[in-house]
>>> print(open('structure.cif').read())   # mmCIF, C-alpha atoms
data_start
#
loop_
_atom_site.label_atom_id
_atom_site.label_comp_id
_atom_site.auth_asym_id
_atom_site.auth_seq_id
_atom_site.Cartn_x
_atom_site.Cartn_y
_atom_site.Cartn_z
CA MET O 1 105.90 105.72 101.28
CA SER O 2 104.85 107.92 98.44
CA SER O 3 107.66 108.02 95.87
CA PHE O 4 108.79 104.45 95.50
CA VAL O 5 110.63 102.60 92.75
CA ASN O 6 109.63 99.04 91.86
CA VAL O 7 112.81 96.90 91.78
CA HIS O 8 113.12 93.33 90.47
CA ALA O 9 114.62 91.88 93.65
CA THR O 10 113.86 90.09 96.90
CA ALA O 11 114.11 91.73 100.32
CA ILE O 12 114.44 90.08 103.72
CA ARG O 13 115.01 91.25 107.27
CA LEU O 14 117.31 89.23 109.51
CA GLY O 15 117.76 90.40 113.10
CA GLY O 16 116.61 93.89 112.12
CA PHE O 17 119.15 93.95 109.24
CA GLY O 18 117.49 94.62 105.87
CA ILE O 19 118.99 92.91 102.82
CA LEU O 20 118.08 93.53 99.19
CA ILE O 21 118.92 90.60 96.89
CA ARG O 22 119.20 91.32 93.16
CA GLY O 23 119.93 89.08 90.23
CA PRO O 24 118.59 88.00 86.87
CA ALA O 25 115.54 85.78 86.59
CA ARG O 26 116.24 82.26 87.94
CA SER O 27 119.51 83.31 89.59
CA GLY O 28 118.31 82.04 92.97
CA LYS O 29 117.00 85.15 94.73
CA SER O 30 114.04 83.37 96.29
CA ALA O 31 116.04 80.25 97.16
CA LEU O 32 118.66 82.41 98.86
CA ALA O 33 116.00 84.33 100.77
CA LEU O 34 114.30 81.14 101.97
CA ALA O 35 117.60 79.55 103.01
CA ALA O 36 118.72 82.71 104.82
CA LEU O 37 115.40 82.97 106.67
CA ARG O 38 115.67 79.37 107.92
CA ARG O 39 119.35 79.72 108.89
CA ALA O 40 118.73 83.00 110.70
CA GLU O 41 115.88 81.46 112.70
CA ALA O 42 118.12 78.49 113.59
CA ALA O 43 120.78 80.97 114.78
CA GLY O 44 118.25 82.66 117.07
CA LEU O 45 117.74 85.76 114.92
CA THR O 46 114.37 87.18 114.05
CA ALA O 47 113.76 86.62 110.36
CA ALA O 48 111.04 87.67 107.96
CA LEU O 49 110.34 88.17 104.29
CA VAL O 50 109.79 91.73 103.16
CA SER O 51 109.02 90.99 99.51
CA ASP O 52 109.86 88.48 96.80
CA ASP O 53 110.38 89.20 93.10
CA GLN O 54 109.18 92.82 93.23
CA VAL O 55 110.22 95.26 95.96
CA PHE O 56 109.10 98.84 96.41
CA VAL O 57 112.10 100.91 97.55
CA GLU O 58 112.22 104.54 98.55
CA ALA O 59 114.78 106.93 99.99
CA GLU O 60 113.70 108.48 103.26
CA GLY O 61 116.32 110.77 104.77
CA ASP O 62 119.55 108.77 104.76
CA ALA O 63 117.77 105.39 104.63
CA LEU O 64 116.56 103.11 101.87
CA LEU O 65 113.24 101.61 102.87
CA ALA O 66 111.72 98.53 101.26
CA ARG O 67 108.22 97.08 101.30
CA ALA O 68 106.12 94.63 99.32
CA PRO O 69 103.42 95.39 96.81
CA GLU O 70 100.21 94.48 98.64
CA THR O 71 99.25 91.84 96.06
CA ILE O 72 102.33 89.68 96.81
CA ARG O 73 102.89 90.46 100.50
CA GLY O 74 103.90 87.33 102.43
CA LEU O 75 104.37 85.22 99.30
CA ILE O 76 107.55 83.68 97.92
CA GLU O 77 107.91 81.70 94.69
CA VAL O 78 110.01 78.56 94.86
CA SER O 79 110.91 77.12 91.47
CA GLY O 80 109.55 73.62 91.03
CA VAL O 81 107.29 73.98 94.09
CA GLY O 82 105.12 77.06 93.56
CA ILE O 83 104.00 79.90 95.76
CA LEU O 84 104.54 79.58 99.53
CA ARG O 85 103.42 81.81 102.41
CA GLN O 86 106.13 83.19 104.68
CA PRO O 87 106.14 85.29 107.83
CA THR O 88 106.45 88.87 106.67
CA VAL O 89 107.07 92.37 107.95
CA ASP O 90 105.64 95.61 106.62
CA GLY O 91 109.04 96.87 105.60
CA ALA O 92 112.72 97.14 106.33
CA ARG O 93 115.55 99.62 106.28
CA ILE O 94 117.97 98.14 103.74
CA GLU O 95 121.54 97.92 105.05
CA LEU O 96 123.09 95.60 102.45
CA LEU O 97 122.77 94.89 98.74
CA ALA O 98 123.61 91.35 97.62
CA ASP O 99 123.97 90.91 93.86
CA LEU O 100 123.85 87.35 92.53
CA VAL O 101 126.39 86.92 89.73
CA PRO O 102 128.28 84.13 87.94
CA THR O 103 130.92 82.62 90.24
CA GLU O 104 133.79 83.37 87.86
CA THR O 105 133.11 87.13 88.11
CA ILE O 106 133.72 87.23 91.88
CA ASP O 107 137.16 88.30 93.13
CA ARG O 108 138.65 86.14 95.85
CA LEU O 109 139.46 89.08 98.13
CA PRO O 110 137.44 92.03 96.82
CA ASP O 111 137.64 95.56 98.06
CA GLN O 112 134.51 96.61 99.92
CA THR O 113 132.21 98.30 97.43
CA HIS O 114 129.23 100.57 97.77
CA VAL O 115 126.53 101.55 95.29
CA HIS O 116 123.76 104.11 95.23
CA VAL O 117 120.16 102.93 95.14
CA CYS O 118 117.63 105.76 94.96
CA GLY O 119 120.43 108.09 96.03
CA ILE O 120 121.26 106.08 99.18
CA MET O 121 124.72 104.53 99.49
CA LEU O 122 124.63 100.83 100.37
CA ARG O 123 127.34 98.28 100.98
CA ARG O 124 127.32 95.83 98.06
CA ILE O 125 128.52 92.25 98.03
CA LEU O 126 128.64 89.80 95.16
CA LEU O 127 127.44 86.25 95.80
CA PRO O 128 127.41 83.30 93.44
CA ALA O 129 124.10 82.81 91.65
CA ARG O 130 122.28 79.52 92.25
CA GLU O 131 124.30 78.71 95.40
CA ALA O 132 121.66 79.44 98.04
CA ALA O 133 123.18 77.43 100.91
CA PHE O 134 126.58 79.11 100.76
CA ALA O 135 125.16 82.57 100.12
CA ALA O 136 122.67 82.19 102.99
CA ASP O 137 125.51 81.33 105.37
CA VAL O 138 127.29 84.52 104.27
CA LEU O 139 124.21 86.67 104.83
CA VAL O 140 123.53 85.23 108.29
CA THR O 141 127.19 85.71 109.26
CA LEU O 142 127.09 89.35 108.12
CA THR O 143 123.83 89.84 110.03
CA GLN O 144 125.38 88.44 113.21
CA GLU O 145 128.31 90.85 112.80
CA PHE O 146 125.91 93.74 112.21
CA CYS O 147 123.87 92.87 115.31
CA ALA O 148 127.01 92.54 117.46
CA THR O 149 128.30 95.92 116.23
CA ALA O 150 124.91 97.55 116.85
CA ARG O 151 124.83 96.20 120.43
CA ALA O 152 128.39 97.40 121.07
CA THR O 153 127.56 100.96 120.00
CA ARG O 154 124.52 101.28 122.28
#
>>> encode(input="structure.cif", output="structure tokens")
Amino acid sequence: MSSFVNVHATAIRLGGFGILIRGPARSGKSALALAALRRAEAAGLTAALVSDDQVFVEAEGDALLARAPETIRGLIEVSGVGILRQPTVDGARIELLADLVPTETIDRLPDQTHVHVCGIMLRRILLPAREAAFAADVLVTLTQEFCATARATR
């Protein structure tokens, strides 16, 4: 990767499905990532951290690729606990953007939305900030759907 952008976010890969999690400081990005990693593993999916807090993203063809700055690779910060080591991967193709927002700003039945990140269109979902358990269940469910769809199209 040569022309990357440093994004304040966390990136994970669940079952080959790359997810970029954005939100303000202390909105629960790391807690969501950690919960999603554990839930994905329990569901039999491969799961790994790409990067926590800072993510290098870059458009390559029609894909958005993410990787960690070398200085924080494999590390995740858990508020009240400190820095923990996590299994990591070199990078991931991002398939989904999850923005953590105040609960009252989320529509009950929203239209599916997409946004551009570095010129790449990504599906975007809004999840409640500071509700890691619920949001992790949503991400694992979406990952399972993605994996099932990918298998069906092979």
>>> residues_around(input="structure.cif", residues="Ala150 (chain O)", least_positions_apart="4", cutoff="12 Å", atoms="only C-alpha atoms", output="list in words")
Gly15, Gly16, Phe17, Thr143, Gln144, Glu145, Phe146 and Arg154 of chain O
>>> resolve_selection(input="structure.cif", expression="the PyMOL selection byres ((chain O and resi 18-28) around 6)", output="list of chain:residue names")
O:Ala9, O:Thr10, O:Ala11, O:Ile12, O:Arg13, O:Phe17, O:Lys29, O:Ser30, O:Ala31, O:Leu32, O:Ala92, O:Arg93, O:Ile94, O:Glu95, O:Leu96, O:Leu97, O:Ala98, O:Asp99, O:Leu100, O:Ala129, O:Arg130
>>> resolve_selection(input="structure.cif", expression="the PyMOL selection byres ((chain O and resi 48) around 8)", output="PDB file with C-alpha atoms, in the frame of the given file")
ATOM      1  CA  ILE O  12     114.440  90.080 103.720  1.00  0.00           C
ATOM      2  CA  ARG O  13     115.010  91.250 107.270  1.00  0.00           C
ATOM      3  CA  LEU O  14     117.310  89.230 109.510  1.00  0.00           C
ATOM      4  CA  LEU O  37     115.400  82.970 106.670  1.00  0.00           C
ATOM      5  CA  THR O  46     114.370  87.180 114.050  1.00  0.00           C
ATOM      6  CA  ALA O  47     113.760  86.620 110.360  1.00  0.00           C
ATOM      7  CA  LEU O  49     110.340  88.170 104.290  1.00  0.00           C
ATOM      8  CA  VAL O  50     109.790  91.730 103.160  1.00  0.00           C
ATOM      9  CA  GLN O  86     106.130  83.190 104.680  1.00  0.00           C
ATOM     10  CA  PRO O  87     106.140  85.290 107.830  1.00  0.00           C
ATOM     11  CA  THR O  88     106.450  88.870 106.670  1.00  0.00           C
ATOM     12  CA  VAL O  89     107.070  92.370 107.950  1.00  0.00           C
TER      13      VAL O  89
END
>>> atom_distance(input="structure.cif", atom1="CA of Leu45 (chain O)", atom2="CA of Glu58 (chain O)")
25.5 Å
>>> resolve_selection(input="structure.cif", expression="the PyMOL selection byres ((chain O and resi 5) around 10)", output="list in words")
Ser2, Ser3, Phe4, Asn6, Val7, His8, Gln54, Val55, Phe56, Val57, Glu58, Ala59, Ala66, Val117 and Cys118 of chain O
>>> write_last_selection(input="structure.cif", atoms="C-alpha atoms", output="short mmCIF file (atom, residue, chain, number, x, y, z; two decimals), in the coordinates of the input")
data_model
loop_
_atom_site.label_atom_id
_atom_site.label_comp_id
_atom_site.auth_asym_id
_atom_site.auth_seq_id
_atom_site.Cartn_x
_atom_site.Cartn_y
_atom_site.Cartn_z
CA SER O 2 104.85 107.92 98.44
CA SER O 3 107.66 108.02 95.87
CA PHE O 4 108.79 104.45 95.50
CA ASN O 6 109.63 99.04 91.86
CA VAL O 7 112.81 96.90 91.78
CA HIS O 8 113.12 93.33 90.47
CA GLN O 54 109.18 92.82 93.23
CA VAL O 55 110.22 95.26 95.96
CA PHE O 56 109.10 98.84 96.41
CA VAL O 57 112.10 100.91 97.55
CA GLU O 58 112.22 104.54 98.55
CA ALA O 59 114.78 106.93 99.99
CA ALA O 66 111.72 98.53 101.26
CA VAL O 117 120.16 102.93 95.14
CA CYS O 118 117.63 105.76 94.96
#
>>> atom_distance(input="structure.cif", atom1="CA of Thr149 (chain O)", atom2="CA of Ala36 (chain O)")
19.9 Å
>>> residues_around(input="structure.cif", residues="Pro102 (chain O)", least_positions_apart="3", cutoff="8 Å", atoms="all atoms listed in the file", output="ChimeraX atom specification")
/O:105-106,128-129
>>> write_last_selection(input="structure.cif", atoms="C-alpha atoms", output="PDB file, in the coordinates of the input")
ATOM      1  CA  THR O 105     133.110  87.130  88.110  1.00  0.00           C
ATOM      2  CA  ILE O 106     133.720  87.230  91.880  1.00  0.00           C
ATOM      3  CA  PRO O 128     127.410  83.300  93.440  1.00  0.00           C
ATOM      4  CA  ALA O 129     124.100  82.810  91.650  1.00  0.00           C
TER       5      ALA O 129
END
>>> atom_distance(input="structure.cif", atom1="CA of Ile125 (chain O)", atom2="CA of Asp53 (chain O)")
19.0 Å
>>> closest_residue(input="structure.cif", among="O:Leu109, O:Ala33, O:Val115, O:Val101", to="Ile76 (chain O)", atoms="only C-alpha atoms")
O:Ala33
>>> closest_residue(input="structure.cif", among="O:Cys147, O:Leu34, O:Ala132, O:Leu139", to="Val78 (chain O)", atoms="only C-alpha atoms")
O:Leu34
